[in-house]
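Here is the structure we will look at, set down as structure tokens.
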There are 4 protein chains.
Amino acid sequence: MTDKKENILLSALQLFASDGFNATSTSKVAKQAGVSEGLIFRHFENKEGLLKAILAMGESKIKDLFAEIVLETEPKLVIRKTISLPFQVKEEDYDFWRLQFKLKWELKNYVSQKMDPLEMALSNAFKKLQKPKPELESKKLLLLVDGISSALLKGDLKNKEELHQFLLNKYEV
Amino acid sequence: MTDKKENILLSALQLFASDGFNATSTSKVAKQAGVSEGLIFRHFENKEGLLKAILAMGESKIKDLFAEIVLETEPKLVIRKTISLPFQVKEEDYDFWRLQFKLKWELKNYVSQKMDPLEMALSNAFKKLQKPKPELESKKLLLLVDGISSALLKGDLKNKEELHQFLLNKYEV
Amino acid sequence: MTDKKENILLSALQLFASDGFNATSTSKVAKQAGVSEGLIFRHFENKEGLLKAILAMGESKIKDLFAEIVLETEPKLVIRKTISLPFQVKEEDYDFWRLQFKLKWELKNYVSQKMDPLEMALSNAFKKLQKPKPELESKKLLLLVDGISSALLKGDLKNKEELHQFLLNKYEV
Amino acid sequence: MTDKKENILLSALQLFASDGFNATSTSKVAKQAGVSEGLIFRHFENKEGLLKAILAMGESKIKDLFAEIVLETEPKLVIRKTISLPFQVKEEDYDFWRLQFKLKWELKNYVSQKMDPLEMALSNAFKKLQKPKPELESKKLLLLVDGISSALLKGDLKNKEELHQFLLNKYEV
DNA sequence: AATGAATGAGGGTTCATTCAT
DNA sequence: AATGAATGAACCCTCATTCAT
């Protein structure tokens, strides 16, 4: 991958994440990447191709993150890791995650089944811990984590760490 | 308010809610409303004015909904009503709420402090019920409700009613 | 003539004179006149009709001014009055005259033969005073007067009165 | 400079000069230049940028013309050259000059101090020739030249050459 | 691999004008 | 006489994309 191609990807990620996919023009991306507009199309065919490339770039990041949880056998740890998920996102990864959440609202046909394995793992963990209605318990936690992530990425969440501890205590994990 | 003006408002609400504000052209709105494009600008000055008119239209809806909770004195009822919030949204109001959530991600400077009074009321309720850390408890519930609302509006939530009951039981309200 | 009709005429005169005919929209005129846009068309049929009405309104002003010179028999007085022409325009008439000059540049088919009788009168005056080439002398003076008028109306002319006296002396009138 | 870019400039000059800046649409310019409308904006950013490019193109023309006079040391020649100024404009430059004069009336904030050095040079020349009130004499000549130029560019001036000679004789230059 | 010129479709907005009331 | 709703064409400008070099 050439330098210029990477520049395009990084600039696009940042702009898509902050302004949204539709509101970001290819010319803006080219300008910020210090590259001719045509080059974007040579490398990625079209604007959507650029988006897909960005998402693909992060796929592994997501997979690693989820694998870490799904492959965990100790049920308490599964829950603890799920809760900690949004609180451990690194600053440098914010753009990527903000883009993910933005896209869920922006693109009509953006369906994400990425969470499914996580839901099953969680469900299983709650079952092992003898919790009644483990599926609903799992669903509930994931919805909470989603709410937290959203707030975090939008910058709406103060006293982040306090909340993190509070939740770990609540779930006794 | 003339018929055509109302047509514009309704069409715009629907399109903004389904495609997003930026991705919806005024010409699309006009076409769906069966109206000349210019009329939009006669009535609402510009595209943003149209958006504001839509939001204003729903302001009262939001206020009523929140007042119902904030003015409640029985703490258990405060919590119960908060939980029930997303589950009671009527089908016909989905567009409006989907738009609200979309805008939080789409518009850079869309800040909503509408939830603040709700957070205080909830916090108070938990305090009255002797819950430790009532502020965090309140925050947590609101984040969960936000996660639920998002999923609901995006059509990602099956077994809606089951979850509703589960939560009411959990919180013993 | 109703008040509203007159309001339209005066507002249009002012706006056409300051911004130009093309750059002044009928909506701007209506707004400044405190009148509905439709009324303009009821009274003047179309935008050009409005312009013509304004010009007609001033026709008499022009005729009076020129008659004063053309009917003068004393040659020296003819010249003196011609020279004084631009210097005697009243502040309140500036808009009207500015409009006249603007239109000469703005409208393709604005031909004004209004000056012809003046040119003949001047020519005659110079002839009576035994000036060689009275037609050219007349032409020259009119071109000078035109240059002065332009500068005056554009606000480009300082020491107006000094120049006025200087010219009267020059021509010994 | 590509052919198309030059086409745009030339077409715009011609249209602006004949119809005025406001009355000339970018689509008209594009059509006449045989070019897509978007190209105008790629090359000149916006309509005003196009105008500025045209004016810049002629700046040197103006500077050369004025330098020729201002740098002249022989007073009689300064006057002669000033008088000849409008009479020597080449047919091919008419559009450019017509545009200059049009803009003085069309644009609100078009201030031109280009004439200032010329006024000083002329003033000096008249002083050297012992004329009384050289500043006013200079002012007068420039106003006359302006009147002549206007008439010439509007096509209002017959017997051009006769007038030219007449003036040179008058001023004995 | 990379540029920059070029395009056609569509963006939001303003315009002069019409018409029912 | 007067309004205000309504329109269709045109406005300037931006967009994603193509192509010769």
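Chains: A, B, ... in order of the structure tokens. Residues: from 1 per chain. Ligands: from 1, in order shown.
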
* Compile the contact shell of DG11 in chain E as number ranges by chain: residues with an atom at most 10 Å away, counting only C-alpha atoms (C1' of nucleotides), same-chain residues fewer than 6 positions apart removed. => B: 25-27; F: 13-15

Determine, counting only C-alpha atoms (C1' of nucleotides), which protein, DNA and RNA residues have an atom within 12 Å of an atom of Phe166 in chain D; residues of the same chain fewer than 2 positions away are not included. Present the result as a PDB file with all heavy atoms, in the first residue's frame.
```
ATOM      1  N   PRO C 132     -15.882  79.238 -34.027  1.00  0.00           N
ATOM      2  CA  PRO C 132     -15.673  78.330 -35.157  1.00  0.00           C
ATOM      3  C   PRO C 132     -16.121  76.921 -34.750  1.00  0.00           C
ATOM      4  O   PRO C 132     -16.050  76.566 -33.585  1.00  0.00           O
ATOM      5  CB  PRO C 132     -14.167  78.382 -35.397  1.00  0.00           C
ATOM      6  CG  PRO C 132     -13.583  78.819 -34.099  1.00  0.00           C
ATOM      7  CD  PRO C 132     -14.617  79.647 -33.394  1.00  0.00           C
ATOM      8  N   LYS C 133     -16.549  76.169 -35.722  1.00  0.00           N
ATOM      9  CA  LYS C 133     -16.992  74.796 -35.496  1.00  0.00           C
ATOM     10  C   LYS C 133     -18.001  74.687 -34.347  1.00  0.00           C
ATOM     11  O   LYS C 133     -17.739  74.013 -33.330  1.00  0.00           O
ATOM     12  CB  LYS C 133     -15.796  73.892 -35.188  1.00  0.00           C
ATOM     13  CG  LYS C 133     -14.629  74.086 -36.148  1.00  0.00           C
ATOM     14  CD  LYS C 133     -14.286  72.788 -36.805  1.00  0.00           C
ATOM     15  CE  LYS C 133     -13.019  72.951 -37.646  1.00  0.00           C
ATOM     16  NZ  LYS C 133     -12.888  71.861 -38.611  1.00  0.00           N
ATOM     17  N   PRO C 134     -19.104  75.374 -34.467  1.00  0.00           N
ATOM     18  CA  PRO C 134     -20.055  75.383 -33.344  1.00  0.00           C
ATOM     19  C   PRO C 134     -20.617  73.991 -33.017  1.00  0.00           C
ATOM     20  O   PRO C 134     -20.866  73.700 -31.849  1.00  0.00           O
ATOM     21  CB  PRO C 134     -21.165  76.321 -33.826  1.00  0.00           C
ATOM     22  CG  PRO C 134     -21.037  76.373 -35.298  1.00  0.00           C
ATOM     23  CD  PRO C 134     -19.591  76.166 -35.614  1.00  0.00           C
ATOM     24  N   GLU C 135     -20.773  73.137 -34.035  1.00  0.00           N
ATOM     25  CA  GLU C 135     -21.315  71.808 -33.736  1.00  0.00           C
ATOM     26  C   GLU C 135     -20.359  71.018 -32.851  1.00  0.00           C
ATOM     27  O   GLU C 135     -20.783  70.355 -31.900  1.00  0.00           O
ATOM     28  CB  GLU C 135     -21.566  70.999 -35.021  1.00  0.00           C
ATOM     29  CG  GLU C 135     -22.599  71.583 -35.942  1.00  0.00           C
ATOM     30  CD  GLU C 135     -21.947  72.568 -36.903  1.00  0.00           C
ATOM     31  OE1 GLU C 135     -20.698  72.746 -36.814  1.00  0.00           O
ATOM     32  OE2 GLU C 135     -22.657  73.156 -37.730  1.00  0.00           O
ATOM     33  N   LEU C 136     -19.075  71.083 -33.195  1.00  0.00           N
ATOM     34  CA  LEU C 136     -18.102  70.342 -32.390  1.00  0.00           C
ATOM     35  C   LEU C 136     -17.990  70.954 -30.999  1.00  0.00           C
ATOM     36  O   LEU C 136     -17.863  70.253 -29.993  1.00  0.00           O
ATOM     37  CB  LEU C 136     -16.741  70.340 -33.093  1.00  0.00           C
ATOM     38  CG  LEU C 136     -16.678  69.420 -34.313  1.00  0.00           C
ATOM     39  CD1 LEU C 136     -15.381  69.628 -35.093  1.00  0.00           C
ATOM     40  CD2 LEU C 136     -16.800  67.966 -33.878  1.00  0.00           C
ATOM     41  N   GLU C 137     -18.052  72.269 -30.972  1.00  0.00           N
ATOM     42  CA  GLU C 137     -18.008  72.953 -29.677  1.00  0.00           C
ATOM     43  C   GLU C 137     -19.176  72.486 -28.801  1.00  0.00           C
ATOM     44  O   GLU C 137     -19.014  72.223 -27.606  1.00  0.00           O
ATOM     45  CB  GLU C 137     -18.091  74.466 -29.909  1.00  0.00           C
ATOM     46  CG  GLU C 137     -17.644  75.318 -28.735  1.00  0.00           C
ATOM     47  CD  GLU C 137     -16.126  75.238 -28.504  1.00  0.00           C
ATOM     48  OE1 GLU C 137     -15.350  75.495 -29.461  1.00  0.00           O
ATOM     49  OE2 GLU C 137     -15.734  74.912 -27.366  1.00  0.00           O
ATOM     50  N   SER C 138     -20.328  72.386 -29.443  1.00  0.00           N
ATOM     51  CA  SER C 138     -21.521  71.939 -28.720  1.00  0.00           C
ATOM     52  C   SER C 138     -21.356  70.501 -28.235  1.00  0.00           C
ATOM     53  O   SER C 138     -21.583  70.178 -27.073  1.00  0.00           O
ATOM     54  CB  SER C 138     -22.732  72.052 -29.653  1.00  0.00           C
ATOM     55  OG  SER C 138     -23.771  71.226 -29.229  1.00  0.00           O
ATOM     56  N   LYS C 139     -20.932  69.647 -29.154  1.00  0.00           N
ATOM     57  CA  LYS C 139     -20.696  68.242 -28.805  1.00  0.00           C
ATOM     58  C   LYS C 139     -19.748  68.136 -27.616  1.00  0.00           C
ATOM     59  O   LYS C 139     -19.984  67.415 -26.636  1.00  0.00           O
ATOM     60  CB  LYS C 139     -20.077  67.553 -30.033  1.00  0.00           C
ATOM     61  CG  LYS C 139     -19.917  66.071 -29.926  1.00  0.00           C
ATOM     62  CD  LYS C 139     -21.244  65.395 -29.827  1.00  0.00           C
ATOM     63  CE  LYS C 139     -21.493  64.195 -30.666  1.00  0.00           C
ATOM     64  NZ  LYS C 139     -22.914  63.779 -30.549  1.00  0.00           N
ATOM     65  N   LYS C 140     -18.675  68.871 -27.713  1.00  0.00           N
ATOM     66  CA  LYS C 140     -17.661  68.811 -26.658  1.00  0.00           C
ATOM     67  C   LYS C 140     -18.267  69.175 -25.303  1.00  0.00           C
ATOM     68  O   LYS C 140     -18.067  68.477 -24.303  1.00  0.00           O
ATOM     69  CB  LYS C 140     -16.515  69.773 -26.993  1.00  0.00           C
ATOM     70  CG  LYS C 140     -15.420  69.785 -25.934  1.00  0.00           C
ATOM     71  CD  LYS C 140     -14.523  71.021 -26.058  1.00  0.00           C
ATOM     72  CE  LYS C 140     -13.825  71.308 -24.730  1.00  0.00           C
ATOM     73  NZ  LYS C 140     -13.359  72.694 -24.627  1.00  0.00           N
TER      74      LYS C 140
ATOM     75  N   ARG D  80      -1.700  65.874 -25.032  1.00  0.00           N
ATOM     76  CA  ARG D  80      -2.081  65.268 -26.309  1.00  0.00           C
ATOM     77  C   ARG D  80      -2.429  63.785 -26.147  1.00  0.00           C
ATOM     78  O   ARG D  80      -3.432  63.295 -26.651  1.00  0.00           O
ATOM     79  CB  ARG D  80      -0.920  65.441 -27.301  1.00  0.00           C
ATOM     80  CG  ARG D  80      -0.981  64.537 -28.513  1.00  0.00           C
ATOM     81  CD  ARG D  80       0.182  64.755 -29.455  1.00  0.00           C
ATOM     82  NE  ARG D  80      -0.151  65.769 -30.468  1.00  0.00           N
ATOM     83  CZ  ARG D  80      -0.734  65.489 -31.640  1.00  0.00           C
ATOM     84  NH1 ARG D  80      -1.048  64.248 -31.947  1.00  0.00           N
ATOM     85  NH2 ARG D  80      -0.999  66.446 -32.509  1.00  0.00           N
ATOM     86  N   ILE D  83      -5.760  63.297 -24.388  1.00  0.00           N
ATOM     87  CA  ILE D  83      -6.892  63.523 -25.293  1.00  0.00           C
ATOM     88  C   ILE D  83      -7.076  62.335 -26.239  1.00  0.00           C
ATOM     89  O   ILE D  83      -8.201  61.888 -26.507  1.00  0.00           O
ATOM     90  CB  ILE D  83      -6.666  64.815 -26.117  1.00  0.00           C
ATOM     91  CG1 ILE D  83      -6.745  66.028 -25.196  1.00  0.00           C
ATOM     92  CG2 ILE D  83      -7.691  64.929 -27.245  1.00  0.00           C
ATOM     93  CD1 ILE D  83      -6.369  67.337 -25.871  1.00  0.00           C
ATOM     94  N   SER D  84      -5.965  61.829 -26.716  1.00  0.00           N
ATOM     95  CA  SER D  84      -6.053  60.759 -27.714  1.00  0.00           C
ATOM     96  C   SER D  84      -6.478  59.422 -27.126  1.00  0.00           C
ATOM     97  O   SER D  84      -6.879  58.506 -27.858  1.00  0.00           O
ATOM     98  CB  SER D  84      -4.699  60.600 -28.409  1.00  0.00           C
ATOM     99  OG  SER D  84      -4.395  61.780 -29.128  1.00  0.00           O
ATOM    100  N   ASN D 159     -18.779  61.087 -36.089  1.00  0.00           N
ATOM    101  CA  ASN D 159     -17.639  61.974 -36.418  1.00  0.00           C
ATOM    102  C   ASN D 159     -16.556  62.020 -35.351  1.00  0.00           C
ATOM    103  O   ASN D 159     -16.132  63.072 -34.883  1.00  0.00           O
ATOM    104  CB  ASN D 159     -18.119  63.394 -36.734  1.00  0.00           C
ATOM    105  CG  ASN D 159     -18.957  63.990 -35.593  1.00  0.00           C
ATOM    106  OD1 ASN D 159     -19.145  63.363 -34.545  1.00  0.00           O
ATOM    107  ND2 ASN D 159     -19.402  65.206 -35.803  1.00  0.00           N
ATOM    108  N   LYS D 160     -16.133  60.853 -35.040  1.00  0.00           N
ATOM    109  CA  LYS D 160     -15.102  60.630 -34.022  1.00  0.00           C
ATOM    110  C   LYS D 160     -13.800  61.380 -34.346  1.00  0.00           C
ATOM    111  O   LYS D 160     -13.293  62.142 -33.515  1.00  0.00           O
ATOM    112  CB  LYS D 160     -14.852  59.110 -34.032  1.00  0.00           C
ATOM    113  CG  LYS D 160     -13.901  58.557 -33.042  1.00  0.00           C
ATOM    114  CD  LYS D 160     -13.866  57.009 -33.188  1.00  0.00           C
ATOM    115  CE  LYS D 160     -12.438  56.502 -33.020  1.00  0.00           C
ATOM    116  NZ  LYS D 160     -12.343  55.020 -33.048  1.00  0.00           N
ATOM    117  N   GLU D 161     -13.313  61.204 -35.553  1.00  0.00           N
ATOM    118  CA  GLU D 161     -11.990  61.736 -35.874  1.00  0.00           C
ATOM    119  C   GLU D 161     -11.995  63.268 -35.909  1.00  0.00           C
ATOM    120  O   GLU D 161     -11.040  63.917 -35.467  1.00  0.00           O
ATOM    121  CB  GLU D 161     -11.495  61.149 -37.204  1.00  0.00           C
ATOM    122  CG  GLU D 161      -9.992  61.006 -37.279  1.00  0.00           C
ATOM    123  CD  GLU D 161      -9.364  60.681 -35.921  1.00  0.00           C
ATOM    124  OE1 GLU D 161      -9.705  59.653 -35.275  1.00  0.00           O
ATOM    125  OE2 GLU D 161      -8.525  61.493 -35.472  1.00  0.00           O
ATOM    126  N   GLU D 162     -13.101  63.797 -36.418  1.00  0.00           N
ATOM    127  CA  GLU D 162     -13.253  65.250 -36.450  1.00  0.00           C
ATOM    128  C   GLU D 162     -13.113  65.835 -35.046  1.00  0.00           C
ATOM    129  O   GLU D 162     -12.400  66.821 -34.809  1.00  0.00           O
ATOM    130  CB  GLU D 162     -14.660  65.579 -36.983  1.00  0.00           C
ATOM    131  CG  GLU D 162     -14.710  66.594 -38.096  1.00  0.00           C
ATOM    132  CD  GLU D 162     -16.166  66.813 -38.499  1.00  0.00           C
ATOM    133  OE1 GLU D 162     -16.937  65.810 -38.455  1.00  0.00           O
ATOM    134  OE2 GLU D 162     -16.524  67.953 -38.820  1.00  0.00           O
ATOM    135  N   LEU D 163     -13.818  65.199 -34.117  1.00  0.00           N
ATOM    136  CA  LEU D 163     -13.782  65.669 -32.729  1.00  0.00           C
ATOM    137  C   LEU D 163     -12.371  65.569 -32.157  1.00  0.00           C
ATOM    138  O   LEU D 163     -11.888  66.470 -31.462  1.00  0.00           O
ATOM    139  CB  LEU D 163     -14.757  64.836 -31.878  1.00  0.00           C
ATOM    140  CG  LEU D 163     -14.838  65.234 -30.408  1.00  0.00           C
ATOM    141  CD1 LEU D 163     -15.382  66.653 -30.250  1.00  0.00           C
ATOM    142  CD2 LEU D 163     -15.700  64.254 -29.615  1.00  0.00           C
ATOM    143  N   HIS D 164     -11.708  64.492 -32.491  1.00  0.00           N
ATOM    144  CA  HIS D 164     -10.349  64.288 -32.015  1.00  0.00           C
ATOM    145  C   HIS D 164      -9.452  65.468 -32.431  1.00  0.00           C
ATOM    146  O   HIS D 164      -8.792  66.105 -31.603  1.00  0.00           O
ATOM    147  CB  HIS D 164      -9.810  62.972 -32.596  1.00  0.00           C
ATOM    148  CG  HIS D 164      -8.480  62.556 -32.025  1.00  0.00           C
ATOM    149  ND1 HIS D 164      -7.762  61.492 -32.504  1.00  0.00           N
ATOM    150  CD2 HIS D 164      -7.730  63.069 -31.012  1.00  0.00           C
ATOM    151  CE1 HIS D 164      -6.645  61.364 -31.828  1.00  0.00           C
ATOM    152  NE2 HIS D 164      -6.600  62.324 -30.904  1.00  0.00           N
ATOM    153  N   LEU D 168      -7.502  68.452 -30.160  1.00  0.00           N
ATOM    154  CA  LEU D 168      -6.049  68.670 -30.187  1.00  0.00           C
ATOM    155  C   LEU D 168      -5.754  70.126 -30.537  1.00  0.00           C
ATOM    156  O   LEU D 168      -4.874  70.766 -29.936  1.00  0.00           O
ATOM    157  CB  LEU D 168      -5.399  67.728 -31.200  1.00  0.00           C
ATOM    158  CG  LEU D 168      -5.466  66.232 -30.840  1.00  0.00           C
ATOM    159  CD1 LEU D 168      -4.807  65.387 -31.931  1.00  0.00           C
ATOM    160  CD2 LEU D 168      -4.785  65.966 -29.502  1.00  0.00           C
ATOM    161  N   ASN D 169      -6.503  70.662 -31.501  1.00  0.00           N
ATOM    162  CA  ASN D 169      -6.323  72.072 -31.858  1.00  0.00           C
ATOM    163  C   ASN D 169      -6.651  72.982 -30.685  1.00  0.00           C
ATOM    164  O   ASN D 169      -5.885  73.884 -30.345  1.00  0.00           O
ATOM    165  CB  ASN D 169      -7.223  72.441 -33.045  1.00  0.00           C
ATOM    166  CG  ASN D 169      -6.699  71.831 -34.335  1.00  0.00           C
ATOM    167  OD1 ASN D 169      -5.528  71.458 -34.409  1.00  0.00           O
ATOM    168  ND2 ASN D 169      -7.577  71.716 -35.337  1.00  0.00           N
ATOM    169  N   LYS D 170      -7.790  72.750 -30.096  1.00  0.00           N
ATOM    170  CA  LYS D 170      -8.250  73.553 -28.959  1.00  0.00           C
ATOM    171  C   LYS D 170      -7.164  73.682 -27.896  1.00  0.00           C
ATOM    172  O   LYS D 170      -6.884  74.748 -27.363  1.00  0.00           O
ATOM    173  CB  LYS D 170      -9.470  72.877 -28.316  1.00  0.00           C
ATOM    174  CG  LYS D 170     -10.804  73.399 -28.791  1.00  0.00           C
ATOM    175  CD  LYS D 170     -11.395  74.333 -27.757  1.00  0.00           C
ATOM    176  CE  LYS D 170     -12.235  75.399 -28.436  1.00  0.00           C
ATOM    177  NZ  LYS D 170     -12.902  76.277 -27.464  1.00  0.00           N
ATOM    178  N   TYR D 171      -6.572  72.542 -27.573  1.00  0.00           N
ATOM    179  CA  TYR D 171      -5.571  72.533 -26.503  1.00  0.00           C
ATOM    180  C   TYR D 171      -4.177  72.877 -27.030  1.00  0.00           C
ATOM    181  O   TYR D 171      -3.211  72.844 -26.291  1.00  0.00           O
ATOM    182  CB  TYR D 171      -5.566  71.169 -25.809  1.00  0.00           C
ATOM    183  CG  TYR D 171      -6.671  71.022 -24.772  1.00  0.00           C
ATOM    184  CD1 TYR D 171      -7.922  70.538 -25.118  1.00  0.00           C
ATOM    185  CD2 TYR D 171      -6.453  71.404 -23.442  1.00  0.00           C
ATOM    186  CE1 TYR D 171      -8.931  70.409 -24.178  1.00  0.00           C
ATOM    187  CE2 TYR D 171      -7.460  71.282 -22.498  1.00  0.00           C
ATOM    188  CZ  TYR D 171      -8.694  70.781 -22.863  1.00  0.00           C
ATOM    189  OH  TYR D 171      -9.685  70.666 -21.925  1.00  0.00           O
ATOM    190  N   GLU D 172      -4.094  73.104 -28.329  1.00  0.00           N
ATOM    191  CA  GLU D 172      -2.822  73.447 -28.970  1.00  0.00           C
ATOM    192  C   GLU D 172      -1.730  72.443 -28.645  1.00  0.00           C
ATOM    193  O   GLU D 172      -0.622  72.809 -28.235  1.00  0.00           O
ATOM    194  CB  GLU D 172      -2.398  74.860 -28.565  1.00  0.00           C
ATOM    195  CG  GLU D 172      -3.415  75.912 -28.996  1.00  0.00           C
ATOM    196  CD  GLU D 172      -3.078  77.291 -28.406  1.00  0.00           C
ATOM    197  OE1 GLU D 172      -2.139  77.343 -27.582  1.00  0.00           O
ATOM    198  OE2 GLU D 172      -3.755  78.273 -28.758  1.00  0.00           O
ATOM    199  N   VAL D 173      -2.052  71.202 -28.814  1.00  0.00           N
ATOM    200  CA  VAL D 173      -1.045  70.170 -28.519  1.00  0.00           C
ATOM    201  C   VAL D 173      -0.857  69.224 -29.707  1.00  0.00           C
ATOM    202  O   VAL D 173      -1.673  69.216 -30.630  1.00  0.00           O
ATOM    203  CB  VAL D 173      -1.449  69.317 -27.299  1.00  0.00           C
ATOM    204  CG1 VAL D 173      -1.299  70.135 -26.038  1.00  0.00           C
ATOM    205  CG2 VAL D 173      -2.856  68.763 -27.458  1.00  0.00           C
TER     206      VAL D 173
END
```

* Which residue, C:Phe16, C:Phe66, C:Phe41, C:Trp97, has the smallest gap to chain F when you use only C-alpha atoms (C1' of nucleotides)? ->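 Of the candidates, the smallest distance to chain F is held by C:Phe41.
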
* To do: Restrict the distance test to only C-alpha atoms (C1' of nucleotides), flag each residue of chain C within 12 Å of chain E, and return the flagged residues as a list in words.
  =>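 Only these qualify: Asn22, Ala23, Thr24, Ser25, Thr26, Ser27, Lys28, Glu37, Gly38, Leu39, Ile40, Phe41, Arg42, Phe44, Glu45, Asn46, Lys47 and Glu48 of chain C.
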
* Asked: Hey, can you check how far CA of Val29 in chain C sits from CA of Trp105 in chain D?
  ->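 Answer for the CA of Val29 in chain C to CA of Trp105 in chain D separation: 20.0 Å.
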
Could you list the residues in chain B lying within 6 Å of chain A, using only C-alpha atoms, and format the result as a CSV table (one decimal) with all heavy atoms, in the first residue's frame?
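To be explicit, this is the file written out as result.csv:
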```csv
chain,number,residue,atom,x,y,z
B,102,LYS,N,-31.5,10.2,14.6
B,102,LYS,CA,-30.7,10.4,13.5
B,102,LYS,C,-29.9,11.7,13.6
B,102,LYS,O,-28.7,11.7,13.4
B,102,LYS,CB,-31.5,10.4,12.2
B,102,LYS,CG,-31.5,9.1,11.4
B,102,LYS,CD,-32.1,9.4,10.0
B,102,LYS,CE,-31.6,8.4,9.0
B,102,LYS,NZ,-32.1,7.1,9.1
B,105,TRP,N,-26.7,12.1,15.5
B,105,TRP,CA,-25.5,11.6,14.8
B,105,TRP,C,-25.1,12.4,13.6
B,105,TRP,O,-24.0,12.5,13.2
B,105,TRP,CB,-25.6,10.1,14.4
B,105,TRP,CG,-25.6,9.2,15.6
B,105,TRP,CD1,-26.6,8.6,16.2
B,105,TRP,CD2,-24.4,8.8,16.3
B,105,TRP,NE1,-26.2,7.8,17.2
B,105,TRP,CE2,-24.8,7.9,17.3
B,105,TRP,CE3,-23.0,9.1,16.2
B,105,TRP,CZ2,-23.9,7.3,18.2
B,105,TRP,CZ3,-22.1,8.5,17.1
B,105,TRP,CH2,-22.6,7.6,18.1
B,143,LEU,N,-29.1,5.4,30.0
B,143,LEU,CA,-28.3,4.8,28.9
B,143,LEU,C,-29.0,3.6,28.4
B,143,LEU,O,-29.0,3.3,27.1
B,143,LEU,CB,-26.9,4.5,29.4
B,143,LEU,CG,-26.1,5.8,29.7
B,143,LEU,CD1,-24.8,5.5,30.5
B,143,LEU,CD2,-25.7,6.5,28.4
B,144,LEU,N,-29.5,2.8,29.2
B,144,LEU,CA,-30.2,1.6,28.8
B,144,LEU,C,-31.4,1.9,27.9
B,144,LEU,O,-31.6,1.4,26.9
B,144,LEU,CB,-30.6,0.7,30.0
B,144,LEU,CG,-31.5,-0.5,29.7
B,144,LEU,CD1,-30.7,-1.4,28.8
B,144,LEU,CD2,-31.9,-1.2,31.0
B,146,ASP,N,-31.8,4.6,26.3
B,146,ASP,CA,-31.3,5.1,25.0
B,146,ASP,C,-31.0,3.9,24.1
B,146,ASP,O,-31.3,4.0,22.9
B,146,ASP,CB,-30.1,6.0,25.2
B,146,ASP,CG,-29.6,6.7,24.0
B,146,ASP,OD1,-30.2,7.7,23.6
B,146,ASP,OD2,-28.7,6.1,23.3
B,147,GLY,N,-30.3,2.9,24.6
B,147,GLY,CA,-29.9,1.8,23.8
B,147,GLY,C,-31.2,1.1,23.3
B,147,GLY,O,-31.2,0.7,22.1
B,148,ILE,N,-32.2,0.9,24.1
B,148,ILE,CA,-33.4,0.3,23.7
B,148,ILE,C,-34.1,1.1,22.6
B,148,ILE,O,-34.5,0.5,21.6
B,148,ILE,CB,-34.4,0.1,24.9
B,148,ILE,CG1,-33.8,-0.9,25.9
B,148,ILE,CG2,-35.7,-0.3,24.5
B,148,ILE,CD1,-34.5,-0.9,27.3
```

Using only C-alpha atoms (C1' of nucleotides), find each residue of chain F with at least one atom at most 8 Å away from an atom of chain C; report its shortest atom-to-atom pair and that distance in Å (one decimal), sort the rows by chain and rising residue number, and return the result as a tab-separated table.
```
residue	atom	partner	partner_atom	distance
F:DA2	C1'	C:Leu39	CA	6.5
F:DT3	C1'	C:Ser36	CA	6.3
F:DG4	C1'	C:Ser36	CA	7.7
```

* **Point-to-point distance from CA of Leu51 in chain D to CA of Leu13 in chain D, Å rounded to tenths** => 8.0 Å

* Do you know which residues are at most 9 Å from Asn124 in chain D counting only C-alpha atoms (C1' of nucleotides), after dropping those on the same chain fewer than 3 positions away, and could you put them as a list of chain:residue names? -> D:Pro75, D:Glu119, D:Met120, D:Ala121, D:Lys127, D:Lys128, D:Leu129, D:Pro134, D:Glu135, D:Ser138

* To do: From a DSSP calculation on the backbone, collect every residue of range 32-156 of chain A in helix (DSSP H, G or I) and output the set as a PyMOL selection string.
  => chain A and resi 32-33+37-44+47-70+75-84+86-88+91-106+116-128+134-153

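Between CA of Asp116 in chain B and CA of Gly58 in chain B lies a distance of 18.1 Å.
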